[in-house]
$ cat my_file-v6.cif   # mmCIF, C-alpha atoms
data_my_file
#
loop_
_atom_site.label_atom_id
_atom_site.label_comp_id
_atom_site.auth_asym_id
_atom_site.auth_seq_id
_atom_site.Cartn_x
_atom_site.Cartn_y
_atom_site.Cartn_z
CA MET A 978 9.80 -31.35 60.85
CA CYS A 979 12.36 -28.68 61.61
CA LEU A 980 11.31 -25.13 60.77
CA ALA A 981 14.70 -23.56 60.17
CA THR A 982 15.37 -19.84 59.94
CA ASP A 983 15.67 -20.33 56.18
CA HIS A 984 11.97 -21.28 56.21
CA ILE A 985 11.05 -18.40 58.51
CA SER A 986 13.16 -15.80 56.68
CA ALA A 987 14.16 -17.35 53.36
CA GLY A 988 17.02 -16.05 51.25
CA GLY A 989 16.34 -14.10 48.09
CA PRO A 990 16.34 -10.42 47.15
CA TRP A 991 15.61 -9.28 50.70
CA PRO A 992 19.18 -8.62 51.97
CA LYS A 993 19.42 -5.59 49.69
CA TYR A 994 16.70 -4.05 51.88
CA ARG A 995 18.87 -4.25 55.00
CA GLY A 996 17.37 -1.92 57.57
CA HIS A 997 14.00 -1.77 55.77
CA LEU A 998 11.83 -3.97 57.97
CA LYS A 999 8.71 -3.34 55.89
CA ASN A 1000 10.40 -4.88 52.85
CA ILE A 1001 12.29 -7.59 54.71
CA SER A 1002 9.04 -8.72 56.35
CA GLN A 1003 7.63 -9.66 52.95
CA ASN A 1004 9.85 -12.70 53.43
CA CYS A 1005 8.25 -13.84 56.71
CA LEU A 1006 7.53 -17.58 56.84
CA ILE A 1007 7.34 -17.88 53.03
CA GLY A 1008 9.30 -21.15 53.15
CA ALA A 1009 7.23 -22.77 55.91
CA ILE A 1010 4.88 -25.57 54.87
CA ASN A 1011 1.27 -25.02 55.91
CA ALA A 1012 -0.13 -28.10 57.70
CA GLU A 1013 -3.59 -27.39 56.29
CA ASN A 1014 -2.72 -27.56 52.59
CA GLY A 1015 0.87 -28.83 52.37
CA GLU A 1016 1.96 -25.68 50.53
CA ALA A 1017 4.53 -23.02 51.31
CA ASN A 1018 3.44 -19.40 51.70
CA LYS A 1019 -0.28 -20.07 51.32
CA VAL A 1020 -2.46 -19.55 54.40
CA LYS A 1021 -6.17 -19.13 54.91
CA SER A 1022 -7.33 -15.96 56.62
CA GLN A 1023 -9.49 -16.80 59.62
CA ILE A 1024 -11.35 -13.53 58.96
CA THR A 1025 -12.03 -13.58 55.20
CA ASP A 1026 -11.68 -17.35 54.48
CA GLU A 1027 -9.49 -16.37 51.51
CA TYR A 1028 -5.99 -17.69 50.87
CA GLY A 1029 -3.04 -15.35 50.67
CA THR A 1030 0.66 -15.23 51.31
CA VAL A 1031 1.88 -15.37 54.90
CA PRO A 1032 3.17 -11.76 54.89
CA GLN A 1033 -0.02 -10.50 53.22
CA THR A 1034 -2.30 -12.30 55.68
CA ALA A 1035 -0.20 -11.32 58.71
CA ALA A 1036 -0.16 -7.66 57.63
CA TYR A 1037 -3.95 -7.76 57.18
CA TYR A 1038 -4.33 -9.04 60.74
CA ARG A 1039 -1.86 -6.43 62.05
CA ASP A 1040 -3.69 -3.61 60.29
CA LYS A 1041 -7.00 -4.80 61.79
CA GLY A 1042 -5.46 -5.02 65.29
CA ILE A 1043 -5.69 -8.82 65.37
CA LYS A 1044 -2.80 -10.63 67.05
CA TRP A 1045 -1.76 -13.97 65.61
CA VAL A 1046 0.47 -16.90 66.56
CA VAL A 1047 2.63 -19.46 64.79
CA ILE A 1048 2.43 -23.11 65.78
CA GLY A 1049 5.75 -24.79 65.03
CA ASP A 1050 7.20 -28.25 65.39
CA SER A 1051 10.56 -29.19 66.92
CA ASN A 1052 13.75 -27.14 66.83
CA TYR A 1053 11.97 -24.04 65.51
CA GLY A 1054 14.38 -21.37 64.33
CA GLU A 1055 17.44 -23.50 63.63
CA GLY A 1056 19.86 -21.75 61.27
CA SER A 1057 21.66 -18.51 60.66
CA SER A 1058 19.03 -15.87 59.83
CA CYS A 1059 17.95 -15.58 63.45
CA GLU A 1060 17.59 -11.81 63.75
CA HIS A 1061 15.33 -11.44 60.72
CA ALA A 1062 13.41 -14.56 61.69
CA ALA A 1063 12.61 -12.89 65.04
CA LEU A 1064 12.04 -9.35 63.71
CA GLU A 1065 9.61 -10.21 60.92
CA PRO A 1066 6.80 -11.85 62.93
CA ARG A 1067 6.91 -9.02 65.48
CA TYR A 1068 6.74 -6.35 62.76
CA LEU A 1069 3.76 -8.11 61.19
CA GLY A 1070 1.81 -8.15 64.46
CA GLY A 1071 2.58 -11.64 65.70
CA LEU A 1072 2.09 -12.28 69.40
CA ALA A 1073 3.61 -15.70 70.02
CA ILE A 1074 5.46 -18.63 68.53
CA ILE A 1075 4.30 -21.89 70.14
CA THR A 1076 6.43 -24.96 69.44
CA ARG A 1077 7.50 -28.37 70.63
CA SER A 1078 11.00 -26.89 71.02
CA PHE A 1079 13.20 -23.99 69.89
CA ALA A 1080 16.66 -23.97 68.45
CA ARG A 1081 19.17 -22.92 71.08
CA ILE A 1082 19.18 -19.15 70.55
CA HIS A 1083 16.02 -18.48 68.57
CA GLY A 1084 13.64 -18.45 71.55
CA THR A 1085 15.84 -15.79 73.17
CA ASN A 1086 15.87 -13.73 69.97
CA LEU A 1087 12.06 -13.81 69.83
CA LYS A 1088 11.82 -12.68 73.45
CA LYS A 1089 14.23 -9.80 72.74
CA GLN A 1090 11.77 -8.68 70.06
CA GLY A 1091 8.84 -8.78 72.47
CA MET A 1092 7.39 -12.02 71.13
CA LEU A 1093 6.19 -14.80 73.40
CA ALA A 1094 8.36 -17.87 72.77
CA LEU A 1095 6.28 -20.71 74.20
CA THR A 1096 6.65 -24.48 74.19
CA PHE A 1097 4.03 -27.13 74.76
CA ALA A 1098 4.26 -28.57 78.28
CA ASN A 1099 3.50 -31.91 76.63
CA PRO A 1100 5.12 -31.97 73.14
CA GLU A 1101 2.48 -34.44 71.91
CA ASP A 1102 -0.14 -31.69 72.30
CA TYR A 1103 1.25 -30.19 69.08
CA ASP A 1104 -0.63 -32.92 67.19
CA LYS A 1105 -3.94 -31.75 68.69
CA ILE A 1106 -3.76 -28.30 67.06
CA GLN A 1107 -5.76 -27.86 63.86
CA PRO A 1108 -5.13 -25.08 61.31
CA SER A 1109 -8.55 -23.53 61.96
CA ASP A 1110 -8.14 -23.47 65.77
CA LYS A 1111 -8.11 -20.11 67.51
CA VAL A 1112 -5.91 -19.19 70.46
CA ASN A 1113 -7.46 -17.14 73.28
#

$ encode --input "my_file-v6.cif" --output "structure tokens"
Amino acid sequence: MCLATDHISAGGPWPKYRGHLKNISQNCLIGAINAENGEANKVKSQITDEYGTVPQTAAYYRDKGIKWVVIGDSNYGEGSSCEHAALEPRYLGGLAIITRSFARIHGTNLKKQGMLALTFANPEDYDKIQPSDKVN
């Protein structure tokens, strides 16, 4: 499944907050489908075991000093909202995006924001990752 920039930084009321990263980041990954539950914008905190929105959970981790990663499928970041899609995870304390592959420019945009843009050496290893796995 392609995780386009519209899934990473979905449209909506957020453009009116141009320049307000705190507000824009409330849009981070809200359109992405969680492999654990098949739902968009509903993730389980590995700390509290409670479900919350992606931005809420990411901000909780950031505020506790816990780095987090996104595991994505093929062609991650395809689309037009590339700057926001790279800014938001960094602002919320993300460390890396690990995928089978990136859209042409999105990996570069993530790196410009100080994020690690990583791909699996063997793309089939993506299928070995479980939602409750931890990355060291």

$ closest_atom_pairs --input "my_file-v6.cif" --of "stretch 1041-1091 of chain A" --to "stretch 1103-1109 of chain A" --cutoff "8 Å" --atoms "all atoms listed in the file" --output "tab-separated table"
residue	atom	partner	partner_atom	distance
A:Ile1048	CA	A:Tyr1103	CA	7.9
A:Asp1050	CA	A:Tyr1103	CA	7.3
A:Thr1076	CA	A:Tyr1103	CA	7.4
A:Arg1077	CA	A:Tyr1103	CA	6.7

$ atom_distance --input "my_file-v6.cif" --atom1 "atom CA of A:Phe1079" --atom2 "atom CA of A:Asn1052"
4.4 Å

$ resolve_selection --input "my_file-v6.cif" --expression "the PyMOL selection byres ((chain A and resi 1069) around 10)" --output "ChimeraX atom specification"
/A:998-999,1002-1003,1005,1031-1040,1044-1045,1064-1068,1070-1072

$ residues_near_point --input "my_file-v6.cif" --point "(-0.7, -15.8, 50.6)" --cutoff "6 Å" --atoms "only C-alpha atoms" --output "ChimeraX atom specification"
/A:1018-1020,1028-1031,1033

$ write_last_selection --input "my_file-v6.cif" --atoms "C-alpha atoms" --output "mmCIF file, keeping the file's coordinate frame"
data_model
loop_
_atom_site.group_PDB
_atom_site.id
_atom_site.type_symbol
_atom_site.label_atom_id
_atom_site.label_comp_id
_atom_site.auth_asym_id
_atom_site.auth_seq_id
_atom_site.Cartn_x
_atom_site.Cartn_y
_atom_site.Cartn_z
ATOM 1 C CA ASN A 1018 3.440 -19.400 51.700
ATOM 2 C CA LYS A 1019 -0.280 -20.070 51.320
ATOM 3 C CA VAL A 1020 -2.460 -19.550 54.400
ATOM 4 C CA TYR A 1028 -5.990 -17.690 50.870
ATOM 5 C CA GLY A 1029 -3.040 -15.350 50.670
ATOM 6 C CA THR A 1030 0.660 -15.230 51.310
ATOM 7 C CA VAL A 1031 1.880 -15.370 54.900
ATOM 8 C CA GLN A 1033 -0.020 -10.500 53.220
#

$ residues_around --input "my_file-v6.cif" --residues "A:Met1092" --least-positions-apart "3" --cutoff "6 Å" --atoms "all atoms listed in the file" --output "VMD selection string"
chain A and resid 1072 to 1073 1087 to 1088

$ closest_residue --input "my_file-v6.cif" --among "A:Ile1024, A:Val1112, A:Ala1017, A:Leu1006" --to "A:Gly1054" --atoms "only C-alpha atoms"
A:Leu1006

$ closest_residue --input "my_file-v6.cif" --among "A:Ala1080, A:Lys1089, A:His997, A:Gly1042" --to "A:Glu1060" --atoms "all atoms listed in the file"
A:Lys1089

$ atom_distance --input "my_file-v6.cif" --atom1 "atom CA of A:Asn1000" --atom2 "atom CA of A:Leu1095"
26.9 Å

$ atom_distance --input "my_file-v6.cif" --atom1 "atom CA of A:Glu1055" --atom2 "atom CA of A:Ser1022"
26.8 Å

$ closest_residue --input "my_file-v6.cif" --among "A:Ala1098, A:Ile1082, A:Ala1062, A:Leu1093" --to "A:Gly1008" --atoms "only C-alpha atoms"
A:Ala1062

$ closest_residue --input "my_file-v6.cif" --among "A:Phe1097, A:Thr1025, A:Asn1113, A:Tyr1053" --to "A:Gly1084" --atoms "all atoms listed in the file"
A:Tyr1053

$ closest_residue --input "my_file-v6.cif" --among "A:Ile1075, A:Ile1010, A:Ala1063, A:Ile1043" --to "A:Gln1023" --atoms "only C-alpha atoms"
A:Ile1043

$ closest_residue --input "my_file-v6.cif" --among "A:Asn1099, A:His1061, A:Lys1111, A:Val1046" --to "A:Asn1004" --atoms "all atoms listed in the file"
A:His1061

$ build_atoms --input "my_file-v6.cif" --residues "stretch 1003-1022 of chain A" --atoms "N, CA, C and O atoms" --output "mmCIF file, in the frame of the given file"
data_model
loop_
_atom_site.group_PDB
_atom_site.id
_atom_site.type_symbol
_atom_site.label_atom_id
_atom_site.label_comp_id
_atom_site.auth_asym_id
_atom_site.auth_seq_id
_atom_site.Cartn_x
_atom_site.Cartn_y
_atom_site.Cartn_z
ATOM 1 N N GLN A 1003 8.353 -8.985 54.035
ATOM 2 C CA GLN A 1003 7.630 -9.660 52.950
ATOM 3 C C GLN A 1003 8.183 -11.071 52.729
ATOM 4 O O GLN A 1003 7.676 -11.827 51.900
ATOM 5 N N ASN A 1004 9.196 -11.413 53.486
ATOM 6 C CA ASN A 1004 9.850 -12.700 53.430
ATOM 7 C C ASN A 1004 9.393 -13.625 54.564
ATOM 8 O O ASN A 1004 9.758 -14.788 54.596
ATOM 9 N N CYS A 1005 8.586 -13.125 55.479
ATOM 10 C CA CYS A 1005 8.250 -13.840 56.710
ATOM 11 C C CYS A 1005 7.501 -15.155 56.439
ATOM 12 O O CYS A 1005 6.418 -15.161 55.854
ATOM 13 N N LEU A 1006 8.114 -16.234 56.874
ATOM 14 C CA LEU A 1006 7.530 -17.580 56.840
ATOM 15 C C LEU A 1006 7.150 -18.069 55.444
ATOM 16 O O LEU A 1006 6.360 -18.992 55.297
ATOM 17 N N ILE A 1007 7.719 -17.471 54.384
ATOM 18 C CA ILE A 1007 7.340 -17.880 53.030
ATOM 19 C C ILE A 1007 7.846 -19.277 52.669
ATOM 20 O O ILE A 1007 7.330 -19.889 51.734
ATOM 21 N N GLY A 1008 8.798 -19.801 53.417
ATOM 22 C CA GLY A 1008 9.300 -21.150 53.150
ATOM 23 C C GLY A 1008 8.684 -22.209 54.042
ATOM 24 O O GLY A 1008 8.931 -23.395 53.851
ATOM 25 N N ALA A 1009 7.861 -21.806 54.997
ATOM 26 C CA ALA A 1009 7.230 -22.770 55.910
ATOM 27 C C ALA A 1009 6.084 -23.487 55.220
ATOM 28 O O ALA A 1009 5.312 -22.875 54.479
ATOM 29 N N ILE A 1010 5.960 -24.774 55.455
ATOM 30 C CA ILE A 1010 4.880 -25.570 54.870
ATOM 31 C C ILE A 1010 3.662 -25.510 55.776
ATOM 32 O O ILE A 1010 3.736 -25.799 56.963
ATOM 33 N N ASN A 1011 2.537 -25.131 55.192
ATOM 34 C CA ASN A 1011 1.270 -25.020 55.910
ATOM 35 C C ASN A 1011 0.703 -26.423 56.128
ATOM 36 O O ASN A 1011 0.498 -27.179 55.178
ATOM 37 N N ALA A 1012 0.411 -26.781 57.379
ATOM 38 C CA ALA A 1012 -0.130 -28.100 57.700
ATOM 39 C C ALA A 1012 -1.504 -28.325 57.080
ATOM 40 O O ALA A 1012 -1.889 -29.456 56.819
ATOM 41 N N GLU A 1013 -2.236 -27.252 56.838
ATOM 42 C CA GLU A 1013 -3.590 -27.390 56.290
ATOM 43 C C GLU A 1013 -3.594 -27.820 54.832
ATOM 44 O O GLU A 1013 -4.423 -28.618 54.426
ATOM 45 N N ASN A 1014 -2.666 -27.279 54.025
ATOM 46 C CA ASN A 1014 -2.720 -27.560 52.590
ATOM 47 C C ASN A 1014 -1.420 -28.123 52.018
ATOM 48 O O ASN A 1014 -1.352 -28.392 50.830
ATOM 49 N N GLY A 1015 -0.392 -28.272 52.846
ATOM 50 C CA GLY A 1015 0.870 -28.830 52.370
ATOM 51 C C GLY A 1015 1.660 -27.915 51.458
ATOM 52 O O GLY A 1015 2.595 -28.347 50.790
ATOM 53 N N GLU A 1016 1.301 -26.630 51.417
ATOM 54 C CA GLU A 1016 1.960 -25.680 50.530
ATOM 55 C C GLU A 1016 2.736 -24.627 51.330
ATOM 56 O O GLU A 1016 2.373 -24.297 52.456
ATOM 57 N N ALA A 1017 3.762 -24.111 50.711
ATOM 58 C CA ALA A 1017 4.530 -23.020 51.310
ATOM 59 C C ALA A 1017 3.890 -21.695 50.948
ATOM 60 O O ALA A 1017 3.372 -21.520 49.842
ATOM 61 N N ASN A 1018 3.890 -20.778 51.899
ATOM 62 C CA ASN A 1018 3.440 -19.400 51.700
ATOM 63 C C ASN A 1018 2.009 -19.285 51.197
ATOM 64 O O ASN A 1018 1.676 -18.405 50.397
ATOM 65 N N LYS A 1019 1.143 -20.143 51.672
ATOM 66 C CA LYS A 1019 -0.280 -20.070 51.320
ATOM 67 C C LYS A 1019 -1.089 -20.411 52.564
ATOM 68 O O LYS A 1019 -1.155 -21.570 52.993
ATOM 69 N N VAL A 1020 -1.678 -19.371 53.176
ATOM 70 C CA VAL A 1020 -2.460 -19.550 54.400
ATOM 71 C C VAL A 1020 -3.859 -18.993 54.223
ATOM 72 O O VAL A 1020 -4.083 -18.066 53.447
ATOM 73 N N LYS A 1021 -4.776 -19.554 54.964
ATOM 74 C CA LYS A 1021 -6.170 -19.130 54.910
ATOM 75 C C LYS A 1021 -6.427 -18.107 56.003
ATOM 76 O O LYS A 1021 -6.149 -18.348 57.175
ATOM 77 N N SER A 1022 -6.965 -16.972 55.637
ATOM 78 C CA SER A 1022 -7.330 -15.960 56.620
ATOM 79 C C SER A 1022 -8.517 -16.468 57.430
ATOM 80 O O SER A 1022 -9.523 -16.916 56.863
#
